[in-house]
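Printed here is start.cif (mmCIF, C-alpha atoms):
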data_target
#
loop_
_atom_site.label_atom_id
_atom_site.label_comp_id
_atom_site.auth_asym_id
_atom_site.auth_seq_id
_atom_site.Cartn_x
_atom_site.Cartn_y
_atom_site.Cartn_z
CA THR A 1 78.68 110.83 106.00
CA ILE A 2 81.42 111.26 108.61
CA THR A 3 83.34 114.54 108.51
CA LEU A 4 86.88 114.12 109.79
CA GLN A 5 88.51 116.47 112.28
CA ARG A 6 91.58 117.04 110.08
CA ASN A 7 92.73 116.65 106.48
CA TYR A 8 94.63 113.51 105.48
CA SER A 9 96.94 112.88 102.53
CA ASP A 10 96.19 109.14 102.33
CA PRO A 11 93.64 108.20 105.02
CA VAL A 12 93.29 104.64 106.30
CA VAL A 13 89.74 104.06 107.58
CA ILE A 14 88.91 101.20 109.95
CA ALA A 15 85.28 100.74 111.03
CA GLY A 16 84.80 98.45 114.00
CA ALA A 17 82.16 95.81 114.60
CA PRO A 18 78.64 97.24 114.92
CA SER A 19 76.63 97.17 118.12
CA TYR A 20 73.70 94.77 118.63
CA PHE A 21 70.52 96.83 118.80
CA GLY A 22 69.16 95.09 115.69
CA THR A 23 69.44 91.31 115.59
CA ASN A 24 69.52 90.75 111.80
CA GLN A 25 72.99 89.60 110.76
CA ALA A 26 75.01 92.44 109.27
CA THR A 27 78.42 93.88 108.59
CA VAL A 28 79.73 97.42 107.97
CA ARG A 29 80.58 98.98 104.60
CA VAL A 30 82.60 102.13 103.96
CA GLN A 31 82.86 104.11 100.71
CA GLU A 32 83.70 107.53 99.26
CA VAL A 33 86.84 107.98 101.37
CA SER A 34 88.37 111.41 100.83
CA ARG A 35 90.92 113.60 102.60
CA THR A 36 88.18 115.02 104.83
CA SER A 37 85.30 112.51 105.04
CA PHE A 38 83.89 109.06 104.33
CA GLN A 39 80.53 107.32 104.17
CA VAL A 40 79.54 104.32 106.29
CA ARG A 41 76.44 102.10 106.51
CA ILE A 42 75.16 98.86 108.00
CA ASP A 43 75.09 96.16 105.30
CA GLU A 44 72.75 93.22 105.90
CA TRP A 45 73.41 89.93 104.12
CA GLU A 46 71.55 89.42 100.84
CA CYS A 47 68.80 87.05 102.02
CA LEU A 48 67.56 89.60 104.59
CA ASP A 49 65.34 92.60 103.90
CA GLY A 50 68.19 95.14 103.93
CA ALA A 51 66.49 97.51 106.37
CA HIS A 52 68.33 97.76 109.69
CA GLY A 53 67.83 99.89 112.78
CA GLY A 54 70.46 102.32 113.97
CA GLU A 55 73.70 100.87 115.34
CA ASP A 56 76.82 102.32 116.94
CA VAL A 57 79.80 101.94 114.61
CA PRO A 58 83.19 102.96 116.04
CA TYR A 59 85.88 104.03 113.62
CA LEU A 60 89.57 104.90 113.48
CA VAL A 61 91.30 107.03 110.86
CA VAL A 62 95.08 107.31 110.55
CA GLU A 63 97.52 108.50 107.90
CA SER A 64 99.01 105.73 105.79
CA GLY A 65 102.57 104.84 106.76
CA VAL A 66 104.71 103.79 109.72
CA HIS A 67 104.09 105.51 113.06
CA THR A 68 106.28 105.18 116.15
CA LEU A 69 104.26 105.48 119.37
CA PRO A 70 105.69 107.20 122.48
CA ASN A 71 106.50 103.79 124.04
CA GLY A 72 108.59 102.88 120.98
CA LYS A 73 106.10 100.38 119.54
CA LYS A 74 105.00 100.55 115.93
CA LEU A 75 101.65 101.23 114.28
CA MET A 76 101.54 100.69 110.51
CA ALA A 77 98.67 101.35 108.13
CA GLY A 78 97.95 101.40 104.42
CA ASN A 79 95.50 100.77 101.61
CA ALA A 80 95.50 97.77 99.28
CA ASP A 81 93.90 97.77 95.84
CA ALA A 82 92.31 94.91 93.88
CA VAL A 83 91.53 92.68 96.87
CA SER A 84 89.22 89.82 95.91
CA ASN A 85 88.04 86.44 97.23
CA SER A 86 91.56 85.11 96.71
CA TRP A 87 94.13 85.65 99.44
CA PHE A 88 96.06 88.91 99.05
CA VAL A 89 99.50 89.10 100.64
CA GLN A 90 100.35 92.49 102.13
CA SER A 91 103.91 92.93 103.34
CA PHE A 92 104.35 95.36 106.20
CA PRO A 93 106.76 98.27 105.52
CA GLU A 94 108.85 97.09 108.49
CA ALA A 95 108.97 93.96 110.62
CA PHE A 96 107.23 94.05 114.00
CA ARG A 97 109.04 92.90 117.13
CA LEU A 98 105.83 91.21 118.34
CA GLU A 99 102.97 89.67 116.37
CA PRO A 100 100.70 92.64 115.69
CA ILE A 101 96.99 93.14 116.15
CA VAL A 102 95.58 93.51 112.61
CA PHE A 103 92.45 95.24 111.29
CA GLY A 104 90.95 95.45 107.80
CA GLN A 105 88.08 97.37 106.21
CA ILE A 106 86.59 97.47 102.72
CA ILE A 107 86.49 101.15 101.69
CA THR A 108 84.84 100.90 98.26
CA GLU A 109 81.55 99.46 97.06
CA ASN A 110 82.35 98.24 93.57
CA GLU A 111 79.74 95.52 94.03
CA PRO A 112 76.69 96.03 96.29
CA GLU A 113 76.41 92.46 97.60
CA ALA A 114 77.35 92.15 101.27
CA ALA A 115 81.01 91.43 101.94
CA ASN A 116 83.53 91.70 104.74
CA ILE A 117 87.20 91.09 105.42
CA ARG A 118 88.82 87.98 106.83
CA ILE A 119 92.36 88.18 108.11
CA ASP A 120 94.97 85.43 108.48
CA HIS A 121 98.52 86.25 109.45
CA ASN A 122 101.24 83.74 110.23
CA ASN A 123 102.48 83.68 113.82
CA THR A 124 106.07 83.04 112.69
CA ASN A 125 106.14 85.42 109.74
CA ILE A 126 104.76 88.62 111.21
CA ASN A 127 105.87 90.65 108.19
CA GLN A 128 102.84 89.63 106.11
CA LEU A 129 99.10 90.21 106.26
CA ARG A 130 96.67 88.21 104.17
CA LEU A 131 93.29 89.70 103.32
CA ARG A 132 90.33 87.97 101.76
CA ILE A 133 86.83 89.17 100.93
CA LEU A 134 84.08 86.69 101.69
CA GLU A 135 80.50 87.24 100.65
CA ALA A 136 77.41 85.10 100.77
CA GLY A 137 75.82 83.35 97.86
CA THR A 138 78.46 83.36 95.13
CA THR A 139 82.10 82.45 94.66
CA ALA A 140 83.12 85.77 93.10
CA HIS A 141 83.02 89.42 94.08
CA ALA A 142 84.28 92.54 92.33
CA ASP A 143 87.70 93.67 93.50
CA GLU A 144 87.60 96.20 96.33
CA ARG A 145 90.02 98.64 97.97
CA VAL A 146 90.85 97.71 101.54
CA SER A 147 92.30 99.72 104.42
CA TRP A 148 94.52 97.78 106.83
CA LEU A 149 96.11 98.68 110.16
CA ALA A 150 98.54 96.74 112.35
CA VAL A 151 99.81 97.65 115.82
CA GLU A 152 101.85 95.84 118.42
CA PRO A 153 99.78 94.59 121.38
CA GLY A 154 99.67 96.26 124.77
CA VAL A 155 98.73 99.59 126.33
CA HIS A 156 99.66 102.67 124.31
CA GLN A 157 99.63 106.40 124.92
CA SER A 158 99.46 108.77 121.99
CA ASP A 159 97.19 111.81 122.12
CA LYS A 160 94.70 109.27 123.48
CA LEU A 161 95.14 106.23 125.72
CA PHE A 162 94.38 102.94 123.95
CA GLU A 163 95.18 99.24 124.04
CA GLY A 164 95.25 96.31 121.66
CA GLY A 165 94.97 92.62 122.43
CA ASN A 166 94.06 89.18 121.10
CA THR A 167 91.62 86.82 122.81
CA GLY A 168 93.30 83.71 121.45
CA ARG A 169 91.03 81.12 119.84
CA GLY A 170 88.12 81.49 122.22
CA VAL A 171 85.15 83.32 120.66
CA ASP A 172 82.32 81.55 118.78
CA GLU A 173 78.58 82.18 118.24
CA ASN A 174 78.03 82.64 121.99
CA TRP A 175 78.58 85.91 123.85
CA VAL A 176 82.01 86.15 125.50
CA ASP A 177 83.16 88.69 128.12
CA LEU A 178 86.34 90.59 127.26
CA ASN A 179 88.08 92.48 130.07
CA PHE A 180 90.25 95.47 129.22
CA LEU A 181 93.80 95.75 130.55
CA GLN A 182 92.86 99.01 132.28
CA SER A 183 89.79 101.05 133.15
CA TYR A 184 88.60 103.95 130.98
CA SER A 185 86.55 107.03 131.78
CA PRO A 186 84.57 108.09 129.86
CA THR A 187 83.52 104.84 128.18
CA PRO A 188 85.96 104.05 125.34
CA ILE A 189 85.26 103.08 121.77
CA PHE A 190 85.76 99.40 120.95
CA ILE A 191 87.00 98.31 117.52
CA GLY A 192 86.58 94.55 117.20
CA GLU A 193 87.99 92.46 114.36
CA MET A 194 88.09 88.74 113.64
CA GLY A 195 91.83 88.06 113.47
CA SER A 196 91.71 84.44 112.30
CA ASN A 197 90.19 82.23 109.62
CA TYR A 198 89.43 78.91 111.33
CA GLY A 199 85.79 78.85 110.18
CA GLY A 200 85.13 79.02 106.45
CA ASP A 201 81.61 80.49 106.55
CA ALA A 202 81.20 84.25 106.12
CA ALA A 203 80.87 85.91 109.53
CA ALA A 204 81.41 89.17 111.36
CA ILE A 205 81.71 90.43 114.93
CA ARG A 206 79.02 92.15 117.00
CA TYR A 207 79.38 93.76 120.42
CA ARG A 208 77.20 94.84 123.35
CA ASN A 209 77.42 96.03 126.99
CA LEU A 210 80.48 98.21 126.43
CA SER A 211 81.78 99.76 129.66
CA GLY A 212 84.98 101.30 130.94
CA ASN A 213 86.20 97.86 131.99
CA GLY A 214 85.17 95.51 129.18
CA VAL A 215 82.74 94.44 126.47
CA GLN A 216 80.84 91.38 125.23
CA VAL A 217 81.42 90.01 121.70
CA PHE A 218 80.38 87.07 119.54
CA VAL A 219 80.92 85.72 116.03
CA GLU A 220 77.81 86.24 113.89
CA GLU A 221 77.57 84.02 110.81
CA GLU A 222 75.59 85.11 107.77
CA PRO A 223 72.31 83.15 107.53
CA CYS A 224 71.94 82.95 103.75
CA SER A 225 73.99 79.88 102.86
CA ASP A 226 72.17 77.70 105.41
CA THR A 227 70.18 78.09 108.62
CA GLU A 228 72.94 76.62 110.80
CA ILE A 229 74.85 79.60 112.22
CA GLY A 230 77.11 77.90 114.77
CA HIS A 231 80.71 78.94 114.26
CA THR A 232 84.00 77.46 115.41
CA THR A 233 86.14 79.50 117.79
CA GLU A 234 88.06 82.44 116.37
CA GLU A 235 90.56 85.03 117.60
CA ILE A 236 89.26 88.55 118.22
#

Would you kindly transcribe this structure into structure tokens?
Amino acid sequence: TITLQRNYSDPVVIAGAPSYFGTNQATVRVQEVSRTSFQVRIDEWECLDGAHGGEDVPYLVVESGVHTLPNGKKLMAGNADAVSNSWFVQSFPEAFRLEPIVFGQIITENEPEAANIRIDHNNTNINQLRLRILEAGTTAHADERVSWLAVEPGVHQSDKLFEGGNTGRGVDENWVDLNFLQSYSPTPIFIGEMGSNYGGDAAAIRYRNLSGNGVQVFVEEEPCSDTEIGHTTEEI
């Protein structure tokens, strides 16, 4: 259980990719979101034993709505109900000037089987976000509630310094070095999200070697459908 540092009216909870201390394929699940807390756990795919060692899981919580950052750029966030394996179209409250960086997180556990979010947003129609839940083994999953967050790329200063960026289609099942736009001290948190849907197999992101200057990431496919876990390049 994570106790929040303030009360929220309608909190949007985004949990980032887990670290890589344990090598079993896994994703992150969130549930029991309230005004003051939420619960989070590592969720291994169904064909694995379910037990997983401790991992670092970064998270971000923001009030639902449209936020204008000090540099004039927009951050928008909200919660979507009844998201399933079918694509769900989420219109942004306002249009972005630039294609945003988009995050999504399941925040209920209406069905215990492992699941995660895949995101696909059109480069020319930046006013829509499409969310889909993928999970291994079946073609159906109970509807879930999903938090989403979108922010214009670049370096931002709010009460904290942060940045958002897109790798382009360049990350697959091999570790890739990502360099930050600026240096951070102390070491920052890193919230990684797969921002594309080129590969159809269920997969998530893992990270390691986080420093003030960069991080390593790769796309980790679930191993239950087949033993081949190579994945085409995605955007992170």

Report the residues retrieved by the PyMOL selection byres ((chain A and resi 2-18) around 8) from the displayed file, expressed as a tab-separated table (two decimals) with C-alpha atoms, in the frame of the given file.
chain	number	residue	atom	x	y	z
A	1	THR	CA	78.68	110.83	106.00
A	19	SER	CA	76.63	97.17	118.12
A	20	TYR	CA	73.70	94.77	118.63
A	27	THR	CA	78.42	93.88	108.59
A	28	VAL	CA	79.73	97.42	107.97
A	30	VAL	CA	82.60	102.13	103.96
A	33	VAL	CA	86.84	107.98	101.37
A	34	SER	CA	88.37	111.41	100.83
A	35	ARG	CA	90.92	113.60	102.60
A	36	THR	CA	88.18	115.02	104.83
A	37	SER	CA	85.30	112.51	105.04
A	38	PHE	CA	83.89	109.06	104.33
A	39	GLN	CA	80.53	107.32	104.17
A	40	VAL	CA	79.54	104.32	106.29
A	42	ILE	CA	75.16	98.86	108.00
A	55	GLU	CA	73.70	100.87	115.34
A	56	ASP	CA	76.82	102.32	116.94
A	57	VAL	CA	79.80	101.94	114.61
A	58	PRO	CA	83.19	102.96	116.04
A	59	TYR	CA	85.88	104.03	113.62
A	60	LEU	CA	89.57	104.90	113.48
A	61	VAL	CA	91.30	107.03	110.86
A	62	VAL	CA	95.08	107.31	110.55
A	63	GLU	CA	97.52	108.50	107.90
A	64	SER	CA	99.01	105.73	105.79
A	77	ALA	CA	98.67	101.35	108.13
A	78	GLY	CA	97.95	101.40	104.42
A	79	ASN	CA	95.50	100.77	101.61
A	103	PHE	CA	92.45	95.24	111.29
A	104	GLY	CA	90.95	95.45	107.80
A	105	GLN	CA	88.08	97.37	106.21
A	107	ILE	CA	86.49	101.15	101.69
A	147	SER	CA	92.30	99.72	104.42
A	148	TRP	CA	94.52	97.78	106.83
A	149	LEU	CA	96.11	98.68	110.16
A	190	PHE	CA	85.76	99.40	120.95
A	191	ILE	CA	87.00	98.31	117.52
A	192	GLY	CA	86.58	94.55	117.20
A	193	GLU	CA	87.99	92.46	114.36
A	204	ALA	CA	81.41	89.17	111.36
A	205	ILE	CA	81.71	90.43	114.93
A	206	ARG	CA	79.02	92.15	117.00
A	207	TYR	CA	79.38	93.76	120.42

Target residues per the PyMOL selection byres ((chain A and resi 181) around 9), formatted as an NGL selection string:
:A and (154-155 or 163 or 165 or 179-180 or 182-183 or 213-214)

Can you turn the PyMOL selection byres ((chain A and resi 220) around 9) into a concrete residue list for this file, as a PyMOL selection string?
chain A and resi 25-26+172-174+202-206+218-219+221-223+229-231

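Put simply, CA of Asp143 (chain A) is 11.1 Å away from CA of Phe88 (chain A).
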
Straight-line distance linking CA of Tyr198 (chain A) with CA of Val89 (chain A), stated in Å to one decimal
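Spanning CA of Tyr198 (chain A) to CA of Val89 (chain A) is a straight-line distance of 17.9 Å.
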
Go through A:Ile236, A:Leu69, A:Leu75, A:Ala114 and flag the residue nearest Gly170 (chain A), using only C-alpha atoms for the distances.
A:Ile236

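Note that CA of Lys73 (chain A) and CA of Phe92 (chain A) are 14.4 Å apart.
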
For each of A:Asp177, A:Glu144, A:Glu109, A:Asp120, take the minimum atom-to-atom distance to Gly199 (chain A), counting all atoms listed in the file, then give the residue where this is smallest.
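The answer is A:Asp120, which sits nearest to Gly199 (chain A).
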
In terms of the shortest atom-to-atom distance over all atoms listed in the file, which of A:Ser211, A:Thr233, A:Ser91, A:Gln31 is closest to Ala150 (chain A)?
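Answer, going by the shortest atom-to-atom distance: A:Ser91.
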
Go ahead and find all residues with at least one atom no further than 8 Å from (105.4, 98.2, 107.3) in the file's coordinates, using all atoms listed in the file; report them as a PyMOL selection string.
chain A and resi 65-66+76-77+91-95+127

Option closest in space to Arg41 (chain A), from A:Val151, A:Val146, A:Ala140, A:Ile106 [counting only C-alpha atoms]
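Using only C-alpha atoms, Arg41 (chain A) sits closest to A:Ile106.
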
A:Val215, A:Val171, A:Leu210, A:Val83: which is nearest Ala115 (chain A), counting all atoms listed in the file?
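Of all the options, A:Val83 lies closest to Ala115 (chain A).
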